[in-house]
Every structure is written in structure tokens, then in C-alpha cells.
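Notes to accompany the following structure.
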Amino acid sequence: MSASAVFILDVKGKVSAAWELLRPPLRPCSAQGSGAASHLRHGVLAPPPPGPAAPGGRGSTARVHFLWIKHSNLYLVATTLKNANASLVYSFLYKTVEVGTGLMDFGFPQTTDSKILQEYITQQGNKLETGKSRVPPTVTNAVSWRSEGIKYKKNEVFIDVVESVNLLVNANAACCSARSWAPSSSRCSCRACRSLRLGLNDRVLFELTGRSKSKSVELEDVKFHQCVRLSRFDNDRTISFIPPDGDFELMSYRLNTQVKPLIWIESVIEKFSHSRVEIMVKAKGQFKKQSVANGVEISVPVPSDADSPRFKTSVGSAKYVPEKNVVIWSIKSFPGGKEYLMRAHFGLPSVEKEEVEGRPPIGVKFEIPYFTVSGIQVRYMKIIEKSGYQALPWVRYITQSGDYQLRTS
């Protein structure tokens, strides 16, 4: 679609809301955004030309093209810097209005769950017959996030505790920042789950009950899915909820403690003028030996005018990606406590290119199953249901890289 921004204007042409879709953004307060909004204001409020009324409108300035539709007393506007598909833009604007009207009735919010909205906002056309319209029962239920009549041959509940590690190391090998952020994802495949209770090794709970805090974790910025009973969590730190059907994010939290770099990178980059550049990278796993990091990718920046690559690795494989000016060293399996080396040799042209100030950092991607940086544990998971109802609970722990960067000198 290539739209750069979406605006909502009132009847006087004043921008009420804006969503930036591209970088750099087209801000209404900037010179371009102000000019586009001003041009749109005069174009929209001008008397319409004679003839049949059009469903929407379009216009352009020197650089910005904009398309709009009117709904009640509001104008929904999409701007683009390219020759965009106008039909697709108009379709998007009308769908936005359709979703908005489905979210609220008579000014009162009804439901915002995407899975429930899919029950009555579809891609197919519907013929409305008087007296036969039916509101999905889920919308009027006390539990609006779970539909009725769900059936499965096998009843299972999966919980994935996924911790994402953000790391920044400066050129002097000093750790500038290391944080862990974790969204806890869940997937429910249960026929009729009345309630599910979850207990964590929460430090606040351990302090309230007088237990040892040695194996507890302190969670910050905790956010829950709407299905969680917040009053129950405030009282006894128990996560009690009726799960939606399918995949959903149950909760997210952040750790403010220092995190040890799980994969440490040391690099030596020697550049010989008008001749060649040689790179040596050493990677070390600094997590427990019982764990294994999977899908490790180490991205090492190289000069943009380098050519004739040659590689030698102690494990895995390396390849040159010229469009990104990096060497990607891929290691399928990286056990904890191990060290591996990668050497790269590149030729340089006789006419040297001007150096750009600074050098991109080394990036690392990885995933370590059955391991968490924080030490968080699901102490118990109980499915509250009528007698004879059997469901299988599963818990999986994963630590993965987030914004994991190490700067080079």
C-alpha cells in the first residue's frame, strides 16, 4: 500500500489523531505535514464539484499525495510519498471504519479482542435481513474473549516463558546495558476450561509467606492479558484466568537486574591500506554447560568496498552478505562453556574509499531452550474444572536474543 501516515480530521480540517507508518515520519507539525494538512483542509472543505457525489477524495502537493473518505463528521486520510495503489488505500480506510464501528456501540466499548471481532467482521459480504440479524453470543458473554461450544479431541494447555535479552557492550569491552524482557505466551486447546491457576516463584509472594528468597525473582512492569483476575493477583499473587482459545500473550515482565552476557564476542580487525583486511572473531558461551544455544548467528561488519572473501571456522559456516556489508557466522548448536574461532580475509581496492565515521557493532542472534536468565519458574499450574475432566498442562522455557550488540574499536 505504501502509505506513510494516517490522519483523522474533524469537520473543520483540524488533525485530531495521526499514526506514523514510515520512517522518517510525516508529522502534521512538520513543514511537509503542515502543508499537506493545510492543502487537505482547503480541498476537503471546498464546495464539491457538480455531479454525483464521490465516496472519497484525493489530492496532492509537490511531494505528498493524500486520499480520504468521510464518515459522519470525521475525515479519515491516508498520505503517501509514492504512486500508491489508490484502490487498496480506500479499501483500508473503509475497513478501518468498519472495525471501529464494531468496537463500540452507542459510544460504549464492546470488545477489542481480534479473534472475537473476526466472528462478525469478515471479508465476505452479508445481506442484512430485518429481524434475522444476530449478534455473536461471545460479545454479550461475561467472558468476551472466549467463544462457546469449543471442542477438541485432546485437551492441552501450553505455556511458553520466553525471555528476551538486550545487551550493549562498548568498544572497551565494558557492558553498557543488559536487560531482560519476557512475554509469557500461552496456547489453550481445551474443550471447556472454567479457570486456570498459575503460581510463580515471585519474590513478593515469598516475602509475604516468610519463605527463603534465594530462588525467587523480582518482576517489574508486569502487564497481563485482560483474562487475568487482577484482584486475585493483588491479594495472593496467584495468576488466575479463563484462557482464550488458541495463542495469546498471558503476561509480560521486565528484569532490572544486571544480566551476564550469554555469548561473549571478542574481535580483532586489522586493515592493511590498499591491500586487505583480516578479521578474527572468538565466541564463548557463558551459560551453563548443560544448555545449548541453537541457531546462533554472529554478524560481523566489513568495509563496503571489500571483495574476494575467504573464511576459516572451527565450527559452523560463514558467508559474505555484500548488500548488508556483513559476514554472517552461523553455528547450528553452541554448547555452554565452549569457545569457537572464525577468521576472515578480504581484499581491498587500490583506491581507498573514504572512511565513514564510526563502525557498526557486531550483532548476535541465538535461542537457548530450557533456560531462563532470571531463574523464573512456574511452580504449579492447576486446571479448575468439573470432576473427570482431564487436561494436559505443558510449560516450556526459552531465552533468546533481543537487541544484542557488541561494539568494535
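In the C-alpha cells, each chain is lettered A, B, ... as it comes, each chain's residues begin at 1, and ligands are numbered from 1 in order of appearance.
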Legend entry - Selection near Leu406 in chain A, 7 Å with only C-alpha atoms, sequence-local residues under 2 positions removed, as a PyMOL selection string: chain A and resi 168-170+361-363+408
Using only N, CA, C and O atoms, please write the residues we just selected to a file, as a compact mmCIF listing (two decimals), in the first residue's frame.
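Wrote part02.txt, looks like this:
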```txt
# COMPACT_ATOMS: atom_id res chain seq x y z
N LEU A 168 24.24 -4.32 25.33
CA LEU A 168 25.08 -3.37 24.61
C LEU A 168 26.43 -3.30 25.31
O LEU A 168 26.51 -2.96 26.49
N VAL A 169 27.50 -3.67 24.58
CA VAL A 169 28.86 -3.66 25.09
C VAL A 169 29.65 -2.65 24.28
O VAL A 169 29.61 -2.68 23.04
N ASN A 170 30.39 -1.76 24.96
CA ASN A 170 31.15 -0.74 24.23
C ASN A 170 32.47 -1.30 23.71
O ASN A 170 32.81 -2.47 23.92
N PRO A 361 28.19 -2.16 15.02
CA PRO A 361 28.52 -3.17 16.03
C PRO A 361 28.34 -4.59 15.51
O PRO A 361 27.73 -4.82 14.47
N ILE A 362 28.88 -5.54 16.25
CA ILE A 362 28.65 -6.95 15.97
C ILE A 362 27.33 -7.36 16.60
O ILE A 362 27.08 -7.09 17.77
N GLY A 363 26.49 -8.00 15.81
CA GLY A 363 25.18 -8.45 16.31
C GLY A 363 25.16 -9.96 16.49
O GLY A 363 25.80 -10.69 15.73
N THR A 408 32.80 -2.52 18.24
CA THR A 408 34.19 -2.81 17.96
C THR A 408 35.00 -1.51 17.92
O THR A 408 34.47 -0.43 17.63
```
Inset, instruction - Using backbone DSSP assignments, extract all strand (DSSP E or B) residues from range 220-278 of chain A; output them as a PyMOL selection string. - result: chain A and resi 220-224+228+239-241+246-255+263-272+276-278
Legend entry - Counting only C-alpha atoms, the option among A:Phe224, A:Phe158, A:Phe287, A:Phe233 closest to Tyr253 in chain A: A:Phe224
Inset, instruction - Mind giving me the straight-line distance from CA of Asn235 in chain A to CA of Ser252 in chain A in Å, one decimal? - result: 19.3 Å
